[in-house]
Amino acid sequence: MVEIRAKNKISSEILLYIAVAGPGIITAIAGIGASGITTCSVAGARYGLSIVWILILSMAGLALFQEMSARMGAVTGKGLAALIRERFGLRAAFLVTIVLLIGNIGNNISEFAGITASLEIFGFGNLKYFGVPLIALVLWVLIIRGSFKWVEKAFMALCLIQLCYIASGFLANPDWSKVGVSILKPEIISEPGFIYVAIAIVGTTIAPWMQFFVQGNVVDKGTGIGDLMYQRIDIIAGLISANVVSLFIIICMAFTIYPGSIDTFKEAAFALNPLAGGRATLLFALGLFGASMLSAGVIPISTSYAVCEALGLERGIGRKLSEAHAFFGIFTFSMLASVVIVLIPGISLVSVLLLAQVLNGMVVPIVLVFMLLLVNDTEIMGDHVNGPVMNFFSWLLTICIVLMNLFLIFKNI
């Protein structure tokens with residue numbers, strides 16, 4: 001009888017986790033995206049395994065802020081921008097979300113650029129003026145017409161495509177003892193390029209849109225205070241998954257191209273062909289396609305969450321178009337603007353992506369400071385405020401991110 005009760009308890013625990021799972025995994029995997037793939041590819045090709053420990057530390061840092069976002073959503077039942085508006089006023093929320101909107105369009109352009117690059121690797125580059133709008137239309141219909149559960153299932157399926165990077169990593173025949181040493185024994189290369197790439201890894205790992213998406217998604221899912229433990233497991237599972245995918249991208253580059261130089265995800269994929277075989281190239285391209293598709297759907301949703309919450313408008317996936325026309329209108333505008341810009345002949349996408357990076361650098365420390373002030377407000381969070389240890393590491397990480405982003409901005413300018 002005791003054994004049966006134990007089995008039933010375990011089964012119920014698993015079912016509760018499955019019910020809550022989604023926001024953490026989707027946010028972490030979507031955070032990789034085309035820019036994350038580029039950063040990890042460049043890092044692995046130029047510096048091999050010496051950069052791995054930076055990746056793991058940045059993911060651990062992201063765990064702090066993702067947990068705070070999920071906790072605020074579960075405790076208050078409100079999104080991050082709504083809490084900023086209520087606590088700091090409409091002007092503060094509006095300014096943050098407008099800059100976020102512009103930066104997110106830039107981020108989304110990089111995702112459609114990733115979709116375009118994957119089509120070119122597969123040999124369909126001449127169809128990009130047809131293929132990219134078609135893919136955008138599929139995503140638009142899914143999110144506009146689909147229920148919350150169907151949208152979440154589609155996003156989770158796109159997350160699974162990232163397993164391609166693990167397969168391509170194995171095809172590179174890595175020396176696992178060297179991988180283990182690189183994780184346990186941090187290495188710092190004393191040259192500006194290493195520092196720049198290390199900061200870029202942190203910058204692509206902790207993006208401002210992630211905090212708005214995970215909190216809004218937790219609210220839409222109806223996660224409550226009683227589900228916090230399972231939501232934390234979801235966040236940890238997502239971060240581990242994203243960390244493994246990013247790690248295998250670096251491993252793949254470290255054991256094939258290193259020491260070498262690449263600048264784009266397309267160069268990385270084609271460089272694998274003579275070194276690890278055509279299968280590795282195709283798997284890399286398939287992973288790029290899935291990652292870009294996922295982020296191209298998630299980032300505009302985070303924009304819609306933020307703007308509608310800041311203005312006190314109705315929002316949420318799974319609602320009818322007539323119930324949340326502003327939410328879906330902002331989502332549509334973000335998608336349409338990104339597709340149009342990425343398909344303009346001769347446009348310098350590097351300049352657009354640079355602007356997005358600078359705007360992200362400006363927004364993320366502001367968002368993190370707002371989050372820390374909100375999560376420590378007893379009137380908002382009650383007994384669920386941060387503890388002293390979490391506050392110490394959170395503020396320390398925020399200060400480090402501010403300094404890192406200032407370095408990136410001034411270096412790019």
# chains A, B, ... in the order shown; residues from 1 in each chain; ligands from 1
>>> residues_around(residues="region 252-262 of chain A", least_positions_apart="2", cutoff="6 Å", atoms="only C-alpha atoms", output="ChimeraX atom specification")
/A:42,44-46,48,169,172,174,248-250,275
>>> residues_around(residues="Gly131 (chain A)", least_positions_apart="6", cutoff="10 Å", atoms="only C-alpha atoms", output="PyMOL selection string")
chain A and resi 115-116+119+124-125+137
>>> atom_distance(atom1="CA of Thr378 (chain A)", atom2="CA of Gly226 (chain A)")
18.5 Å
>>> atom_distance(atom1="CA of Pro388 (chain A)", atom2="CA of Thr223 (chain A)")
25.4 Å
>>> select_by_dssp(residues="region 97-346 of chain A", states="alpha helix (DSSP H)", output="JSON, numbers by chain")
{"A": [97, 98, 99, 100, 101, 102, 103, 104, 105, 106, 107, 108, 109, 110, 111, 112, 113, 114, 115, 116, 117, 118, 119, 120, 121, 128, 129, 130, 131, 132, 133, 134, 135, 136, 137, 138, 139, 140, 141, 142, 143, 144, 145, 148, 149, 150, 151, 152, 153, 154, 155, 156, 157, 158, 159, 160, 163, 164, 165, 166, 167, 168, 169, 170, 171, 176, 177, 178, 179, 180, 181, 182, 183, 184, 192, 193, 194, 195, 196, 197, 198, 199, 200, 201, 202, 203, 204, 205, 208, 209, 210, 211, 212, 213, 214, 215, 216, 217, 218, 219, 220, 221, 228, 229, 230, 231, 232, 233, 234, 235, 236, 237, 238, 239, 240, 241, 242, 243, 244, 245, 246, 247, 248, 249, 250, 251, 252, 253, 254, 265, 266, 267, 268, 269, 270, 271, 272, 273, 274, 275, 276, 278, 279, 280, 281, 282, 283, 284, 285, 286, 287, 288, 289, 290, 291, 292, 293, 294, 295, 296, 297, 298, 299, 300, 301, 302, 303, 304, 305, 306, 307, 308, 309, 310, 311, 325, 326, 327, 328, 329, 330, 331, 332, 333, 334, 335, 336, 337, 338, 339, 340, 341, 342]}
>>> residues_around(residues="Ile109 (chain A)", least_positions_apart="3", cutoff="8 Å", atoms="only C-alpha atoms", output="list in words")
Ile105, Gly106, Phe112, Ala113, Ser338, Val339, Ile341, Val342 and Leu353 of chain A
>>> atom_distance(atom1="CA of Leu171 (chain A)", atom2="CA of Ala200 (chain A)")
26.5 Å
>>> closest_residue(among="A:Ala136, A:Leu374, A:Thr97, A:Val202", to="Ala81 (chain A)", atoms="only C-alpha atoms")
A:Thr97
>>> residues_around(residues="Ile240 (chain A)", least_positions_apart="3", cutoff="10 Å", atoms="only C-alpha atoms", output="ChimeraX atom specification")
/A:25,28-29,56,59-60,63,234-237,243-246
>>> residues_around(residues="Lys320 (chain A)", least_positions_apart="6", cutoff="10 Å", atoms="only C-alpha atoms", output="JSON, numbers by chain")
{"A": [144, 145, 146, 147, 328]}
